[in-house]
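Have a look at my_file_14.pdb below; it lists PDB, C-alpha atoms.
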```pdb
ATOM      1  CA  MET A 124     153.525 184.883 310.738
ATOM      2  CA  SER A 125     154.638 186.604 313.936
ATOM      3  CA  THR A 126     152.384 187.537 316.821
ATOM      4  CA  PRO A 127     151.961 191.307 317.235
ATOM      5  CA  THR A 128     153.433 192.806 320.382
ATOM      6  CA  PRO A 129     150.655 194.024 322.729
ATOM      7  CA  THR A 130     150.602 197.757 323.406
ATOM      8  CA  ASN A 131     149.132 199.671 326.311
ATOM      9  CA  ALA A 132     145.735 201.304 326.021
ATOM     10  CA  LEU A 133     145.772 205.013 326.837
ATOM     11  CA  ALA A 134     143.358 206.852 329.112
ATOM     12  CA  ARG A 135     142.634 209.347 326.331
ATOM     13  CA  ARG A 136     141.078 206.601 324.224
ATOM     14  CA  TRP A 137     137.640 207.465 325.643
ATOM     15  CA  LYS A 138     135.220 209.583 323.644
ATOM     16  CA  ILE A 139     132.046 210.870 325.304
ATOM     17  CA  ASP A 140     128.941 211.978 323.422
ATOM     18  CA  ILE A 141     125.834 213.678 324.758
ATOM     19  CA  ASP A 142     122.416 213.535 323.134
ATOM     20  CA  MET A 143     121.442 217.075 322.168
ATOM     21  CA  ALA A 144     117.895 216.119 321.091
ATOM     22  CA  GLU A 145     115.071 217.571 323.184
ATOM     23  CA  ALA A 146     113.493 214.105 323.359
ATOM     24  CA  ASN A 147     116.713 212.687 324.881
ATOM     25  CA  ASP A 148     116.220 209.641 322.657
ATOM     26  CA  GLY A 149     119.733 209.170 321.280
ATOM     27  CA  SER A 150     118.951 210.761 317.916
ATOM     28  CA  ASP A 151     121.457 213.652 318.051
ATOM     29  CA  TYR A 152     124.711 212.601 319.688
ATOM     30  CA  GLN A 153     127.462 215.221 319.723
ATOM     31  CA  THR A 154     130.944 214.926 321.206
ATOM     32  CA  ILE A 155     131.811 216.631 324.488
ATOM     33  CA  ILE A 156     135.041 218.411 323.574
ATOM     34  CA  GLY A 157     137.839 219.660 325.819
ATOM     35  CA  ILE A 158     137.960 216.667 328.178
ATOM     36  CA  THR A 159     141.196 216.581 330.160
ATOM     37  CA  GLU A 160     140.336 213.798 332.616
ATOM     38  CA  PHE A 161     137.795 210.963 332.672
ATOM     39  CA  THR A 162     136.950 208.202 335.148
ATOM     40  CA  GLN A 163     134.106 205.718 335.244
ATOM     41  CA  THR A 164     132.701 203.355 337.838
ATOM     42  CA  ALA A 165     129.949 200.741 337.874
ATOM     43  CA  GLU A 166     129.849 199.559 341.481
ATOM     44  CA  PRO A 167     127.726 196.543 342.356
ATOM     45  CA  ASN A 168     125.741 196.259 345.568
ATOM     46  CA  ILE A 169     126.652 192.897 347.084
ATOM     47  CA  GLU A 170     124.713 191.434 350.016
ATOM     48  CA  ASP A 171     125.804 188.596 352.270
ATOM     49  CA  SER A 172     123.732 185.528 351.341
ATOM     50  CA  SER A 173     125.537 183.049 353.604
ATOM     51  CA  ASP A 174     123.539 180.176 355.010
ATOM     52  CA  TYR A 175     123.960 176.937 356.976
ATOM     53  CA  ASP A 176     124.164 174.883 353.767
ATOM     54  CA  SER A 177     127.468 176.389 352.611
ATOM     55  CA  ALA A 178     129.723 174.417 355.001
ATOM     56  CA  GLY A 179     130.953 177.639 356.584
ATOM     57  CA  TRP A 180     131.791 179.417 353.338
ATOM     58  CA  ALA A 181     130.389 182.897 352.870
ATOM     59  CA  GLY A 182     127.875 183.447 350.094
ATOM     60  CA  ASN A 183     127.260 186.720 348.280
ATOM     61  CA  THR A 184     124.575 187.950 345.916
ATOM     62  CA  LYS A 185     124.674 190.961 343.629
ATOM     63  CA  THR A 186     121.412 192.835 344.288
ATOM     64  CA  GLY A 187     121.931 196.103 342.425
ATOM     65  CA  GLN A 188     124.366 198.307 340.575
ATOM     66  CA  ALA A 189     125.137 202.009 340.247
ATOM     67  CA  TRP A 190     127.253 203.814 337.666
ATOM     68  CA  GLU A 191     128.943 207.180 337.470
ATOM     69  CA  CYS A 192     131.330 209.070 335.208
ATOM     70  CA  SER A 193     133.491 211.995 336.250
ATOM     71  CA  LEU A 194     135.149 214.275 333.761
ATOM     72  CA  THR A 195     137.057 217.526 333.755
ATOM     73  CA  ILE A 196     136.522 219.787 330.774
ATOM     74  CA  ASN A 197     138.213 222.909 329.507
ATOM     75  CA  ARG A 198     135.394 225.350 328.753
ATOM     76  CA  ARG A 199     135.279 226.206 325.068
ATOM     77  CA  ILE A 200     133.824 229.469 323.828
ATOM     78  CA  ASN A 201     133.017 231.214 320.589
ATOM     79  CA  ASP A 202     134.392 234.662 321.399
ATOM     80  CA  GLN A 203     132.863 236.175 318.251
ATOM     81  CA  VAL A 204     129.236 235.528 319.208
ATOM     82  CA  LYS A 205     129.807 235.165 322.978
ATOM     83  CA  THR A 206     128.584 231.589 323.409
ATOM     84  CA  TYR A 207     129.902 228.462 325.105
ATOM     85  CA  HIS A 208     130.223 225.171 323.270
ATOM     86  CA  PRO A 209     126.726 223.628 322.886
ATOM     87  CA  THR A 210     127.593 220.324 324.610
ATOM     88  CA  HIS A 211     129.009 222.206 327.596
ATOM     89  CA  GLU A 212     125.868 224.332 327.794
ATOM     90  CA  ARG A 213     123.646 221.232 327.653
ATOM     91  CA  LEU A 214     125.506 219.816 330.654
ATOM     92  CA  ARG A 215     125.431 223.095 332.593
ATOM     93  CA  LYS A 216     121.719 223.674 332.018
ATOM     94  CA  ALA A 217     120.854 220.102 333.022
ATOM     95  CA  ALA A 218     122.803 220.534 336.260
ATOM     96  CA  TYR A 219     120.537 223.406 337.313
ATOM     97  CA  ALA A 220     117.256 221.827 336.189
ATOM     98  CA  TYR A 221     114.809 219.437 337.839
ATOM     99  CA  GLY A 222     112.884 216.391 336.673
ATOM    100  CA  SER A 223     113.543 215.080 333.185
ATOM    101  CA  ALA A 224     115.300 218.354 332.262
ATOM    102  CA  SER A 225     118.058 217.407 334.737
ATOM    103  CA  GLU A 226     118.809 214.203 332.832
ATOM    104  CA  VAL A 227     121.069 213.693 329.817
ATOM    105  CA  ARG A 228     121.641 210.659 327.644
ATOM    106  CA  VAL A 229     125.334 209.914 327.233
ATOM    107  CA  ARG A 230     127.434 207.303 325.581
ATOM    108  CA  TYR A 231     131.116 206.702 326.001
ATOM    109  CA  TYR A 232     133.310 204.415 323.998
ATOM    110  CA  ASP A 233     136.801 203.618 322.784
ATOM    111  CA  ARG A 234     137.571 206.139 320.029
ATOM    112  CA  ASP A 235     139.806 203.595 318.264
ATOM    113  CA  GLY A 236     136.945 201.148 317.731
ATOM    114  CA  LEU A 237     137.749 198.562 320.394
ATOM    115  CA  PRO A 238     134.562 196.856 321.625
ATOM    116  CA  GLU A 239     134.137 198.732 324.925
ATOM    117  CA  ALA A 240     131.104 201.064 324.718
ATOM    118  CA  TYR A 241     128.297 202.109 327.090
ATOM    119  CA  GLU A 242     125.122 204.226 327.086
ATOM    120  CA  GLY A 243     122.755 205.507 329.770
ATOM    121  CA  ILE A 244     120.757 208.351 331.279
ATOM    122  CA  ALA A 245     122.531 210.463 333.895
ATOM    123  CA  ILE A 246     121.906 213.345 336.267
ATOM    124  CA  VAL A 247     124.506 216.100 335.943
ATOM    125  CA  THR A 248     126.566 217.820 338.633
ATOM    126  CA  TRP A 249     128.489 220.897 337.408
ATOM    127  CA  THR A 250     131.310 222.312 339.545
ATOM    128  CA  PRO A 251     133.533 225.098 338.146
ATOM    129  CA  SER A 252     137.138 224.656 339.289
ATOM    130  CA  GLY A 253     138.146 228.297 339.625
ATOM    131  CA  GLY A 254     141.843 228.961 339.969
ATOM    132  CA  GLU A 255     144.581 231.529 339.668
ATOM    133  CA  TYR A 256     144.640 234.279 337.079
ATOM    134  CA  THR A 257     146.674 232.083 334.722
ATOM    135  CA  ALA A 258     144.361 229.058 334.995
ATOM    136  CA  LEU A 259     142.097 227.760 332.274
ATOM    137  CA  ASP A 260     138.354 227.789 332.913
ATOM    138  CA  GLN A 261     137.730 224.166 333.847
ATOM    139  CA  VAL A 262     134.639 222.399 335.158
ATOM    140  CA  GLU A 263     134.302 219.130 337.046
ATOM    141  CA  VAL A 264     131.276 217.258 335.674
ATOM    142  CA  THR A 265     129.767 214.226 337.376
ATOM    143  CA  LEU A 266     127.286 212.071 335.499
ATOM    144  CA  THR A 267     125.363 209.952 338.007
ATOM    145  CA  GLY A 268     123.497 207.099 336.375
ATOM    146  CA  ASN A 269     119.723 207.090 336.616
ATOM    147  CA  GLY A 270     118.879 203.592 335.469
ATOM    148  CA  PRO A 271     120.902 201.009 333.598
ATOM    149  CA  LEU A 272     124.215 201.485 331.880
ATOM    150  CA  ALA A 273     123.803 199.502 328.681
ATOM    151  CA  LEU A 274     126.591 197.784 326.812
ATOM    152  CA  ILE A 275     126.307 198.970 323.201
ATOM    153  CA  ASP A 276     128.099 198.364 319.934
ATOM    154  CA  ASN A 277     130.944 200.832 319.590
ATOM    155  CA  PRO A 278     129.831 203.597 317.199
ATOM    156  CA  ALA A 279     133.492 204.087 316.188
ATOM    157  CA  ALA A 280     133.901 200.433 315.137
TER     158      ALA A 280
END
```

I'd like the structure from this file rewritten - as structure tokens, please.
Amino acid sequence: MSTPTPTNALARRWKIDIDMAEANDGSDYQTIIGITEFTQTAEPNIEDSSDYDSAGWAGNTKTGQAWECSLTINRRINDQVKTYHPTHERLRKAAYAYGSASEVRVRYYDRDGLPEAYEGIAIVTWTPSGGEYTALDQVEVTLTGNGPLALIDNPAA
């Protein structure tokens, strides 16, 4: 039996869902469509914990962590009834709200079923891109974590 040749993972492997339920409890996940770019970070806060007992070697301790996702979306519309896509509207409305209404539950995961998958509550920033007369209507969306980013089982697995 031969060993399969490894292939490269593609950036477009990510799928991002937003909870559409009013309770924001993860009961009504729907896919954010029209994503053209996606990046994620989960930066730790590391503090110097060096002391005299380390024989001159620096010590470090992770004391916190923050996460964020940035995505660019092509706005999708229903031109028959003059509405935007519901997931896009959920993001836009959250960006202009305060308190719990400004938060959305999201999950993002490998659409091919590989084990990488995450879930958390985020605050939304919504920035329309604008552009020339030939440009698509795009929006830069930033999801800033408010609390932990949990490792979850991949829903596509």

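As for atom CA of A:Val204 and atom CA of A:Glu160, they are spaced 27.8 Å apart.
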
**Expected selection from the PyMOL selection byres ((chain A and resi 167) around 12), given as JSON, numbers by chain** = {"A": [164, 165, 166, 168, 169, 170, 183, 184, 185, 186, 187, 188, 189, 190, 191, 271]}

Starting from 6 Å padding per side, set up an axis-aligned box that covers all listed atoms of stretch 136-151 of chain A and hand over centre and edge lengths in Å, one decimal, as JSON.
```
{"center_x": 127.3, "center_y": 212.1, "center_z": 321.8, "size_x": 39.6, "size_y": 23.0, "size_z": 19.7}
```

**Asked** Care to translate the PyMOL selection byres ((chain A and resi 262-266) around 12) into actual residues of this file, as a PyMOL selection string?
**Response** chain A and resi 139+141+155+157-165+189-199+211-215+217-218+225-231+242-254+258-261+267-270+272

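For the pair atom CA of A:Thr257 and atom CA of A:Lys216, the separation is 26.5 Å.
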
**Request:** For the structure shown, which residues end up in the PyMOL selection byres ((chain A and resi 143) around 10)? Put them as a ChimeraX atom specification, please?
**Result:** /A:140-142,144-154,209-210,213-214,227-229

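Distance-wise, atom CA of A:Pro238 and atom CA of A:Arg136 end up 12.0 Å apart.
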
Incomplete stretch 168-186 of chain A filled out to N, CA and C atoms as an mmCIF file, in the frame of the given file:
```
data_model
loop_
_atom_site.group_PDB
_atom_site.id
_atom_site.type_symbol
_atom_site.label_atom_id
_atom_site.label_comp_id
_atom_site.auth_asym_id
_atom_site.auth_seq_id
_atom_site.Cartn_x
_atom_site.Cartn_y
_atom_site.Cartn_z
ATOM 1 N N ASN A 168 126.151 196.395 344.172
ATOM 2 C CA ASN A 168 125.741 196.259 345.568
ATOM 3 C C ASN A 168 125.707 194.765 345.851
ATOM 4 N N ILE A 169 126.551 194.319 346.773
ATOM 5 C CA ILE A 169 126.652 192.897 347.084
ATOM 6 C C ILE A 169 126.208 192.680 348.526
ATOM 7 N N GLU A 170 125.259 191.763 348.692
ATOM 8 C CA GLU A 170 124.713 191.434 350.016
ATOM 9 C C GLU A 170 125.183 190.045 350.431
ATOM 10 N N ASP A 171 125.420 189.887 351.707
ATOM 11 C CA ASP A 171 125.804 188.596 352.270
ATOM 12 C C ASP A 171 124.609 187.639 352.163
ATOM 13 N N SER A 172 124.798 186.534 351.475
ATOM 14 C CA SER A 172 123.732 185.528 351.341
ATOM 15 C C SER A 172 124.165 184.173 351.940
ATOM 16 N N SER A 173 125.043 184.266 352.941
ATOM 17 C CA SER A 173 125.537 183.049 353.604
ATOM 18 C C SER A 173 124.395 182.304 354.283
ATOM 19 N N ASP A 174 124.536 180.987 354.316
ATOM 20 C CA ASP A 174 123.539 180.176 355.010
ATOM 21 C C ASP A 174 124.201 178.927 355.593
ATOM 22 N N TYR A 175 123.441 178.141 356.316
ATOM 23 C CA TYR A 175 123.960 176.937 356.976
ATOM 24 C C TYR A 175 124.398 175.874 355.986
ATOM 25 N N ASP A 176 123.893 175.925 354.751
ATOM 26 C CA ASP A 176 124.164 174.883 353.767
ATOM 27 C C ASP A 176 125.496 175.053 353.048
ATOM 28 N N SER A 177 126.243 176.094 353.365
ATOM 29 C CA SER A 177 127.468 176.389 352.611
ATOM 30 C C SER A 177 128.730 175.874 353.298
ATOM 31 N N ALA A 178 128.591 175.024 354.302
ATOM 32 C CA ALA A 178 129.723 174.417 355.001
ATOM 33 C C ALA A 178 130.677 175.468 355.554
ATOM 34 N N GLY A 179 130.139 176.599 355.972
ATOM 35 C CA GLY A 179 130.953 177.639 356.584
ATOM 36 C C GLY A 179 131.522 178.667 355.614
ATOM 37 N N TRP A 180 131.310 178.453 354.325
ATOM 38 C CA TRP A 180 131.791 179.417 353.338
ATOM 39 C C TRP A 180 130.776 180.538 353.174
ATOM 40 N N ALA A 181 131.278 181.747 353.062
ATOM 41 C CA ALA A 181 130.389 182.897 352.870
ATOM 42 C C ALA A 181 129.781 182.855 351.473
ATOM 43 N N GLY A 182 128.545 183.292 351.390
ATOM 44 C CA GLY A 182 127.875 183.447 350.094
ATOM 45 C C GLY A 182 127.573 184.926 349.870
ATOM 46 N N ASN A 183 127.556 185.328 348.630
ATOM 47 C CA ASN A 183 127.260 186.720 348.280
ATOM 48 C C ASN A 183 126.360 186.767 347.064
ATOM 49 N N THR A 184 125.494 187.770 347.032
ATOM 50 C CA THR A 184 124.575 187.950 345.916
ATOM 51 C C THR A 184 124.592 189.409 345.478
ATOM 52 N N LYS A 185 124.750 189.611 344.192
ATOM 53 C CA LYS A 185 124.674 190.961 343.629
ATOM 54 C C LYS A 185 123.204 191.339 343.542
ATOM 55 N N THR A 186 122.818 192.435 344.224
ATOM 56 C CA THR A 186 121.412 192.835 344.288
ATOM 57 C C THR A 186 121.125 194.157 343.585
#
```
